[in-house]
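For reference, target10.txt (compact mmCIF, C-alpha atoms):
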# COMPACT_ATOMS: atom_id res chain seq x y z
CA MET P 10 100.56 109.56 59.85
CA LYS P 11 97.08 108.94 61.28
CA ILE P 12 95.97 106.30 63.81
CA ALA P 13 94.84 103.96 61.03
CA ASP P 14 98.30 104.14 59.38
CA TYR P 15 99.93 103.50 62.74
CA ILE P 16 97.81 100.37 63.28
CA LYS P 17 98.55 99.19 59.74
CA LYS P 18 102.27 99.69 60.34
CA ASN P 19 102.51 98.17 63.83
CA ILE P 20 99.61 95.76 64.36
CA ASP P 21 97.99 94.48 61.16
CA GLU P 22 99.31 95.19 57.67
CA ASN P 23 95.89 94.61 56.15
CA PHE P 24 94.20 97.21 58.32
CA ILE P 25 92.21 99.97 56.60
CA GLU P 26 90.79 103.16 58.11
CA ALA P 27 87.17 102.08 57.57
CA ASP P 28 87.79 99.29 60.11
CA LEU P 29 88.75 101.66 62.92
CA PRO P 30 86.79 100.30 65.93
CA PHE P 31 86.29 103.73 67.56
CA LYS P 32 85.51 107.28 66.48
CA THR P 33 88.36 109.78 66.35
CA THR P 34 88.41 113.57 65.93
CA PHE P 35 91.15 115.92 64.75
CA LYS P 36 92.31 118.85 66.82
CA LYS P 37 94.95 121.55 66.48
CA VAL P 38 96.20 123.16 69.68
CA PRO P 39 98.69 126.01 70.09
CA MET P 40 101.96 125.74 72.02
CA GLY P 41 101.37 125.90 75.78
CA SER P 42 97.91 124.30 75.72
CA ILE P 43 97.20 122.10 78.71
CA LEU P 44 95.76 118.80 77.48
CA CYS P 45 95.32 117.29 80.94
CA ASP P 46 95.88 119.27 84.11
CA PHE P 47 96.88 118.21 87.62
CA GLY P 48 93.76 116.93 89.40
CA GLU P 49 91.73 116.42 86.22
CA ILE P 50 90.33 113.00 85.34
CA GLU P 51 91.71 111.89 81.98
CA ASN P 52 88.97 111.30 79.48
CA CYS P 53 90.84 110.85 76.19
CA VAL P 54 93.70 109.11 74.46
CA TYR P 55 95.70 111.27 72.03
CA PHE P 56 97.71 110.39 68.97
CA LEU P 57 100.34 113.03 68.29
CA VAL P 58 100.19 113.59 64.53
CA ARG P 59 102.61 116.51 64.66
CA GLY P 60 104.46 118.33 67.46
CA ILE P 61 105.94 117.60 70.87
CA VAL P 62 104.20 117.35 74.25
CA GLN P 63 105.67 117.13 77.71
CA VAL P 64 104.42 115.43 80.85
CA ASN P 65 105.05 117.43 84.03
CA ILE P 66 104.98 116.05 87.55
CA LEU P 67 105.08 118.11 90.73
CA ASN P 68 108.12 117.46 92.84
CA THR P 69 108.23 118.06 96.55
CA LYS P 70 109.31 121.69 96.21
CA ALA P 71 106.02 122.77 94.57
CA ASP P 72 108.07 123.07 91.41
CA PHE P 73 107.63 120.61 88.55
CA ARG P 74 109.88 118.11 86.82
CA ILE P 75 109.40 116.82 83.30
CA LEU P 76 108.54 113.14 83.60
CA ASP P 77 108.29 112.42 79.90
CA ILE P 78 108.65 113.99 76.47
CA VAL P 79 106.45 112.62 73.67
CA PHE P 80 107.31 112.95 69.98
CA GLN P 81 105.08 112.75 66.94
CA GLU P 82 103.49 109.46 65.87
CA ASN P 83 103.10 108.32 69.45
CA PHE P 84 100.06 107.96 71.69
CA PHE P 85 99.84 109.68 75.05
CA CYS P 86 97.43 110.50 77.89
CA SER P 87 97.50 110.64 81.67
CA TYR P 88 97.29 106.87 81.68
CA SER P 89 96.98 106.12 85.41
CA SER P 90 94.16 108.65 85.65
CA PHE P 91 92.56 107.16 82.53
CA LEU P 92 92.70 103.58 83.86
CA LYS P 93 91.65 104.31 87.45
CA SER P 94 89.41 107.37 86.90
CA THR P 95 91.36 109.18 89.60
CA PRO P 96 92.68 112.77 89.55
CA SER P 97 95.76 113.08 87.38
CA ASP P 98 99.08 113.61 89.19
CA VAL P 99 100.69 114.73 85.96
CA GLN P 100 100.05 117.67 83.66
CA ILE P 101 100.31 117.27 79.90
CA VAL P 102 101.32 120.39 77.97
CA ALA P 103 101.86 121.09 74.27
CA THR P 104 105.55 122.01 74.02
CA THR P 105 105.00 123.13 70.39
CA ASP P 106 101.87 123.74 68.30
CA CYS P 107 100.34 120.27 67.95
CA GLU P 108 98.04 118.33 65.66
CA LEU P 109 96.19 115.57 67.44
CA GLU P 110 93.84 112.71 66.70
CA VAL P 111 91.66 112.12 69.74
CA ILE P 112 89.83 109.00 70.99
CA LYS P 113 87.21 109.46 73.72
CA LYS P 114 87.49 107.08 76.66
CA ASP P 115 83.86 105.87 76.42
CA ASP P 116 84.33 104.99 72.74
CA LEU P 117 87.55 103.15 73.49
CA LEU P 118 86.13 101.15 76.40
CA LEU P 119 83.17 100.16 74.24
CA SER P 120 85.50 98.92 71.48
CA TYR P 121 87.41 96.79 74.00
CA GLN P 122 84.28 94.68 74.51
CA ASN P 123 84.34 93.03 71.11
CA SER P 124 87.07 94.39 68.85
CA LEU P 125 90.15 92.20 68.41
CA ILE P 126 92.17 95.02 66.82
CA ALA P 127 91.31 97.50 69.60
CA ASN P 128 92.61 95.05 72.20
CA GLN P 129 95.67 94.07 70.15
CA TRP P 130 96.58 97.73 69.70
CA ALA P 131 95.94 98.65 73.37
CA ARG P 132 97.93 95.65 74.57
CA TYR P 133 100.81 96.69 72.30
CA GLU P 134 100.68 100.32 73.50
CA THR P 135 100.54 99.33 77.16
CA GLU P 136 103.51 96.98 76.65
CA LYS P 137 105.45 99.87 75.04
CA LEU P 138 104.53 102.19 77.88
CA TYR P 139 105.55 99.58 80.45
CA LEU P 140 108.93 99.06 78.76
CA LYS P 141 109.47 102.82 78.52
CA ARG P 142 108.78 103.19 82.24
CA VAL P 143 111.13 100.32 83.13
CA LYS P 144 113.89 101.71 80.88
CA ARG P 145 113.53 105.16 82.40
CA GLU P 146 113.68 103.78 85.95
CA LYS P 147 116.73 101.70 85.08
CA ASP P 148 118.48 104.55 83.21
CA PHE P 149 118.05 106.89 86.15
CA MET P 150 119.41 104.18 88.47
CA THR P 151 122.42 103.17 86.37
CA LYS P 152 123.38 105.93 83.90
CA THR P 153 124.91 109.34 84.48
CA LYS P 154 122.85 112.43 83.59
CA GLU P 155 125.36 113.04 80.78
CA GLU P 156 124.72 109.60 79.26
CA ILE P 157 120.94 110.10 79.48
CA TYR P 158 121.25 113.53 77.83
CA LEU P 159 123.45 112.23 75.00
CA GLU P 160 121.06 109.34 74.32
CA LEU P 161 118.07 111.70 74.38
CA ILE P 162 119.47 114.10 71.78
CA GLU P 163 120.93 111.29 69.69
CA ASN P 164 117.48 109.72 69.31
CA ASN P 165 115.67 113.07 68.96
CA SER P 166 118.08 115.49 67.35
CA GLU P 167 115.32 118.06 66.68
CA LEU P 168 114.62 118.27 70.41
CA ILE P 169 117.12 121.04 71.12
CA HIS P 170 115.33 123.34 68.67
CA TYR P 171 112.07 123.05 70.60
CA LEU P 172 112.91 122.52 74.26
CA SER P 173 114.74 125.16 76.30
CA ILE P 174 117.85 124.30 78.30
CA ASP P 175 115.70 124.83 81.35
CA SER P 176 113.17 122.23 80.21
CA ILE P 177 115.79 119.61 79.34
CA ALA P 178 117.38 120.20 82.77
CA LYS P 179 113.94 119.70 84.34
CA TYR P 180 113.68 116.38 82.49
CA LEU P 181 117.11 115.24 83.66
CA GLY P 182 116.50 116.51 87.19
CA ILE P 183 119.63 118.65 87.24
CA HIS P 184 120.44 122.37 87.44
CA PRO P 185 120.52 124.25 84.11
CA GLU P 186 124.17 125.15 84.85
CA SER P 187 125.13 121.46 85.06
CA LEU P 188 123.42 120.86 81.72
CA SER P 189 125.36 123.76 80.17
CA ARG P 190 128.61 122.14 81.28
CA ILE P 191 127.53 118.80 79.72
CA ARG P 192 126.62 120.57 76.46
CA LYS P 193 129.90 122.47 76.29
CA LYS P 194 131.82 119.24 76.83
CA LYS P 195 129.92 117.62 73.98
CA ILE P 196 130.52 120.55 71.58
CA LYS P 197 134.25 120.42 72.38
CA ARG P 198 134.32 116.68 71.64
CA ASN P 199 132.57 117.02 68.25
CA MET Q 25 91.85 79.33 91.40
CA LYS Q 26 93.05 78.43 87.90
CA ILE Q 27 93.66 80.74 84.94
CA ALA Q 28 90.21 80.00 83.52
CA ASP Q 29 88.57 81.04 86.82
CA TYR Q 30 90.68 84.19 86.89
CA ILE Q 31 89.55 85.15 83.37
CA LYS Q 32 85.94 84.41 84.27
CA LYS Q 33 86.24 86.60 87.37
CA ASN Q 34 88.12 89.53 85.82
CA ILE Q 35 87.51 89.59 82.07
CA ASP Q 36 84.39 87.71 80.93
CA GLU Q 37 81.83 86.22 83.30
CA ASN Q 38 80.68 83.74 80.64
CA PHE Q 39 84.16 82.33 80.10
CA ILE Q 40 84.63 78.56 80.45
CA GLU Q 41 87.87 76.59 80.63
CA ALA Q 42 87.27 74.85 77.28
CA ASP Q 43 87.60 78.27 75.61
CA LEU Q 44 91.13 78.88 76.90
CA PRO Q 45 93.00 80.18 73.81
CA PHE Q 46 96.36 78.66 74.81
CA LYS Q 47 97.67 75.45 76.37
CA THR Q 48 98.67 75.52 80.03
CA THR Q 49 100.55 73.03 82.21
CA PHE Q 50 100.64 72.57 85.97
CA LYS Q 51 103.86 72.56 87.93
CA LYS Q 52 104.84 72.27 91.58
CA VAL Q 53 108.18 73.73 92.60
CA PRO Q 54 109.87 73.66 96.01
CA MET Q 55 110.85 76.79 97.97
CA GLY Q 56 114.04 78.34 96.61
CA SER Q 57 113.48 77.24 92.98
CA ILE Q 58 114.68 79.77 90.44
CA LEU Q 59 111.95 80.30 87.84
CA CYS Q 60 113.90 82.80 85.75
CA ASP Q 61 117.54 83.61 86.42
CA PHE Q 62 119.63 86.73 85.73
CA GLY Q 63 120.67 86.64 82.05
CA GLU Q 64 118.08 84.07 81.01
CA ILE Q 65 115.55 84.87 78.29
CA GLU Q 66 112.04 84.56 79.70
CA ASN Q 67 110.04 81.98 77.84
CA CYS Q 68 106.89 81.58 79.97
CA VAL Q 69 104.13 83.38 81.79
CA TYR Q 70 103.19 81.94 85.18
CA PHE Q 71 99.97 82.02 87.16
CA LEU Q 72 100.64 81.58 90.86
CA VAL Q 73 97.97 79.14 92.04
CA ARG Q 74 99.47 78.84 95.51
CA GLY Q 75 102.56 80.30 97.21
CA ILE Q 76 104.69 83.45 97.10
CA VAL Q 77 107.46 84.38 94.68
CA GLN Q 78 109.94 87.23 94.84
CA VAL Q 79 111.61 89.20 92.08
CA ASN Q 80 115.26 90.05 92.83
CA ILE Q 81 117.29 92.74 91.09
CA LEU Q 82 121.04 93.25 91.44
CA ASN Q 83 121.96 96.55 92.98
CA THR Q 84 125.28 98.23 92.41
CA LYS Q 85 126.98 96.47 95.31
CA ALA Q 86 126.71 93.01 93.67
CA ASP Q 87 124.10 92.34 96.29
CA PHE Q 88 120.42 92.03 95.40
CA ARG Q 89 117.31 93.96 96.31
CA ILE Q 90 113.78 92.59 96.18
CA LEU Q 91 111.98 94.48 93.42
CA ASP Q 92 108.64 92.80 93.84
CA ILE Q 93 106.74 90.23 95.88
CA VAL Q 94 103.98 88.29 94.11
CA PHE Q 95 101.10 86.64 95.94
CA GLN Q 96 98.81 83.82 94.87
CA GLU Q 97 96.24 84.30 92.12
CA ASN Q 98 98.48 86.69 90.23
CA PHE Q 99 100.45 86.33 87.02
CA PHE Q 100 104.19 86.94 86.87
CA CYS Q 101 107.24 86.55 84.62
CA SER Q 102 110.35 88.52 83.75
CA TYR Q 103 108.18 90.72 81.55
CA SER Q 104 110.78 92.98 79.91
CA SER Q 105 112.80 89.92 78.94
CA PHE Q 106 109.63 88.22 77.69
CA LEU Q 107 108.59 91.21 75.56
CA LYS Q 108 112.01 92.05 74.12
CA SER Q 109 113.66 88.59 74.11
CA THR Q 110 116.63 90.07 75.95
CA PRO Q 111 118.53 88.62 78.95
CA SER Q 112 116.58 89.08 82.15
CA ASP Q 113 117.92 91.63 84.62
CA VAL Q 114 115.78 90.19 87.36
CA GLN Q 115 115.72 86.79 89.04
CA ILE Q 116 112.44 85.18 90.04
CA VAL Q 117 112.58 82.84 93.02
CA ALA Q 118 109.95 80.75 94.81
CA THR Q 119 109.82 82.21 98.33
CA THR Q 120 107.64 79.27 99.44
CA ASP Q 121 106.70 75.95 97.81
CA CYS Q 122 104.60 76.99 94.83
CA GLU Q 123 101.91 75.60 92.54
CA LEU Q 124 101.96 77.15 89.11
CA GLU Q 125 99.98 77.13 85.90
CA VAL Q 126 102.35 77.83 83.02
CA ILE Q 127 101.76 79.33 79.55
CA LYS Q 128 104.54 78.97 76.97
CA LYS Q 129 105.49 82.17 75.14
CA ASP Q 130 105.03 80.67 71.65
CA ASP Q 131 101.52 79.51 72.52
CA LEU Q 132 100.64 82.91 73.94
CA LEU Q 133 101.99 84.87 70.96
CA LEU Q 134 100.04 82.59 68.63
CA SER Q 135 96.82 83.22 70.56
CA TYR Q 136 97.37 87.00 70.27
CA GLN Q 137 96.92 86.72 66.50
CA ASN Q 138 93.23 85.94 66.58
CA SER Q 139 91.87 85.50 70.10
CA LEU Q 140 89.83 88.40 71.51
CA ILE Q 141 89.97 87.01 75.06
CA ALA Q 142 93.76 86.48 74.97
CA ASN Q 143 94.26 90.13 74.00
CA GLN Q 144 91.67 91.41 76.49
CA TRP Q 145 93.32 89.46 79.28
CA ALA Q 146 96.87 90.49 78.29
CA ARG Q 147 95.84 94.14 77.97
CA TYR Q 148 94.27 93.96 81.43
CA GLU Q 149 97.36 92.31 82.96
CA THR Q 150 99.74 94.79 81.35
CA GLU Q 151 97.59 97.69 82.59
CA LYS Q 152 97.75 96.19 86.11
CA LEU Q 153 101.51 95.76 85.88
CA TYR Q 154 101.91 99.31 84.62
CA LEU Q 155 99.83 100.70 87.50
CA LYS Q 156 101.77 98.58 90.01
CA ARG Q 157 105.05 99.96 88.67
CA VAL Q 158 103.80 103.56 88.79
CA LYS Q 159 102.48 103.10 92.35
CA ARG Q 160 105.77 101.60 93.49
CA GLU Q 161 107.78 104.44 91.96
CA LYS Q 162 105.47 107.01 93.53
CA ASP Q 163 105.42 105.29 96.94
CA PHE Q 164 109.20 105.18 97.07
CA MET Q 165 109.30 108.89 96.11
CA THR Q 166 106.65 110.14 98.53
CA LYS Q 167 106.17 107.69 101.45
CA THR Q 168 108.42 106.82 104.35
CA LYS Q 169 109.76 103.26 104.56
CA GLU Q 170 107.57 102.83 107.64
CA GLU Q 171 104.43 103.76 105.69
CA ILE Q 172 105.36 101.36 102.87
CA TYR Q 173 105.99 98.58 105.38
CA LEU Q 174 102.69 99.14 107.21
CA GLU Q 175 100.76 99.14 103.93
CA LEU Q 176 102.55 95.98 102.78
CA ILE Q 177 101.69 93.95 105.86
CA GLU Q 178 98.20 95.40 106.09
CA ASN Q 179 97.40 94.14 102.58
CA ASN Q 180 99.29 90.86 103.01
CA SER Q 181 99.11 89.92 106.67
CA GLU Q 182 100.42 86.38 106.03
CA LEU Q 183 103.63 87.84 104.58
CA ILE Q 184 105.52 88.00 107.87
CA HIS Q 185 105.11 84.23 108.30
CA TYR Q 186 106.90 83.55 105.01
CA LEU Q 187 109.42 86.32 104.46
CA SER Q 188 112.36 86.85 106.78
CA ILE Q 189 113.08 90.27 108.30
CA ASP Q 190 116.11 90.30 106.04
CA SER Q 191 113.98 89.81 102.92
CA ILE Q 192 111.44 92.47 103.85
CA ALA Q 193 114.34 94.86 104.54
CA LYS Q 194 115.74 94.01 101.10
CA TYR Q 195 112.36 94.91 99.60
CA LEU Q 196 112.20 98.23 101.45
CA GLY Q 197 115.84 98.97 100.71
CA ILE Q 198 116.76 99.53 104.36
CA HIS Q 199 118.98 97.83 106.94
CA PRO Q 200 117.36 94.96 108.88
CA GLU Q 201 118.03 96.93 112.08
CA SER Q 202 115.95 99.85 110.84
CA LEU Q 203 113.13 97.44 110.03
CA SER Q 204 113.33 95.95 113.53
CA ARG Q 205 112.88 99.45 114.96
CA ILE Q 206 109.82 100.03 112.75
CA ARG Q 207 108.34 96.68 113.82
CA LYS Q 208 108.90 97.33 117.53
CA LYS Q 209 107.23 100.73 117.17
CA LYS Q 210 104.22 99.08 115.55
CA ILE Q 211 103.92 96.37 118.23
CA LYS Q 212 104.02 99.05 120.94
CA ARG Q 213 101.23 100.99 119.20
CA ASN Q 214 98.91 97.95 118.88

Here is a file; write its structure as structure tokens.
Amino acid sequence: MKIADYIKKNIDENFIEADLPFKTTFKKVPMGSILCDFGEIENCVYFLVRGIVQVNILNTKADFRILDIVFQENFFCSYSSFLKSTPSDVQIVATTDCELEVIKKDDLLLSYQNSLIANQWARYETEKLYLKRVKREKDFMTKTKEEIYLELIENNSELIHYLSIDSIAKYLGIHPESLSRIRKKKIKRN
Amino acid sequence: MKIADYIKKNIDENFIEADLPFKTTFKKVPMGSILCDFGEIENCVYFLVRGIVQVNILNTKADFRILDIVFQENFFCSYSSFLKSTPSDVQIVATTDCELEVIKKDDLLLSYQNSLIANQWARYETEKLYLKRVKREKDFMTKTKEEIYLELIENNSELIHYLSIDSIAKYLGIHPESLSRIRKKKIKRN
């Protein structure tokens, strides 16, 4: 799926690629590529055509936690840095080889000035991002790590083929040993 | 300031009230009015012309915490409930007597279909809300309660005339006694 297909599916069923209100470019990056680093000012919005990326945030111990995991057919960028033009406090890394469609910030801001579809799409994406953030905050306040883990792999069953135990533990904010116990419990139950 | 003035100031300097893409109504509510209750489905977006409102969230102890405090010339609503049409998990209460300009959800959704300015404004508001949420999360992870308190009253000096010590403590998530200590320390320093 490309950005134009995504807009057709989610925003306007009559949308065609020729009407895209901004330029996009395609890019393939190998696993481990850093798409936005700590301290960098985010200059792009990415559509993940294929692959998985992860968003790392430094915790107090100079070690990182995984703040977010993004799956294909979703947009991502260091959004606070993008909106405020301030140094990014997250790092975005390709967890697998990735295929990306890239929008440059200047092109996007220009399209906001007079394109209805650009604003409809960006409003929709920002709403989604807001809801994701709220859900995450609420989950971490009200659910056990086990419940969060089970929901994560239920919705993204391919995840465990691509992310190490260590990475999933970093996302949940627990020790890898605790995650192993949760996984063993689940295998026993199945 | 009315919604039209806000749009003129923040979105399009040539905007005039006659171009407003949705109907709005004015409303005065007394202090203590509940604008959206726990479990209710949010059906409006409010612009706070005058006054202060607070957003309460239940914590695990069947007691509430203050999730957010909204000052005049800002929009508010139970946004997750509004976007997903699900029961609200927050309660919005008028902390003072308030004057409001109200947009009905149906009118707003209709305007999203073909109004550039409605989508530009809603994108802008959702971006602001997203950044506010991120800042709050980060502040509560990295700053002391004292730093958060000092920043809060520095940016909103009138706050202490309207919110009780108890309410500010509920916002910071600390005991009122701890807040009293912080306040005494600040008075001594000044």

Could you list, with a cut-off of 6 Å and counting all atoms listed in the file, the residues of chain P near chain Q, each shown with its nearest atom pair and the distance in Å rounded to one decimal, rows sorted by chain and ascending number, as a Markdown table?
| residue | atom | partner | partner_atom | distance |
| --- | --- | --- | --- | --- |
| P:Leu125 | CA | Q:Leu140 | CA | 4.9 |
| P:Asn128 | CA | Q:Asn143 | CA | 5.5 |
| P:Gln129 | CA | Q:Asn143 | CA | 5.7 |
| P:Arg132 | CA | Q:Arg147 | CA | 4.3 |
| P:Tyr139 | CA | Q:Tyr154 | CA | 5.5 |

For those residues, write C-alpha atoms to a file as a PDB file, in the frame of the given file.
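That gives us selection.pdb:
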ATOM      1  CA  LEU P 125      90.150  92.200  68.410  1.00  0.00           C
ATOM      2  CA  ASN P 128      92.610  95.050  72.200  1.00  0.00           C
ATOM      3  CA  GLN P 129      95.670  94.070  70.150  1.00  0.00           C
ATOM      4  CA  ARG P 132      97.930  95.650  74.570  1.00  0.00           C
ATOM      5  CA  TYR P 139     105.550  99.580  80.450  1.00  0.00           C
TER       6      TYR P 139
END

From the list Q:Phe100, Q:Tyr186, Q:Phe50, Q:Phe39, which residue is nearest Glu123 in chain Q when using only C-alpha atoms?
-> Q:Phe50

In terms of the shortest atom-to-atom distance over only C-alpha atoms, which of P:Leu172, P:Cys107, P:Met10, P:Val54 is closest to Ile78 in chain P?
->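 Checking each candidate against Ile78 in chain P, we get P:Leu172 as the closest.
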
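Residues in contact with Asp190 in chain Q at up to 10 Å, not including ones fewer than 6 positions away on its chain and judged by all atoms listed in the file, are Q:Leu196, Q:Ile198, Q:His199, Q:Pro200, Q:Glu201, Q:Leu203, Q:Ser204.
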
Excluding Glu51 in chain P and any residue of its chain fewer than 3 positions from it, enumerate the residues within 10 Å of it, using only C-alpha atoms, and give them as a ChimeraX atom specification.
-> /P:44-48,54,86-97,113-114

For range 169-178 of chain Q, work out the shell of residues within 9 Å, counting only C-alpha atoms and skipping chain neighbours fewer than 3 positions away, then give it as a PyMOL selection string.
-> chain Q and resi 163-164+181-184+192+196-198+203+206-207+210

If you measure from CA of Ile61 in chain P to CA of Val102 in chain P, what distance in Å do you get, rounded to one decimal?
-> 8.9 Å

Quick one: of Q:Val73, Q:Ile81, Q:Leu91, Q:Val53, who's nearest to Tyr30 in chain Q, counting all atoms listed in the file?
->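 Checking each candidate against Tyr30 in chain Q, we get Q:Val73 as the closest.
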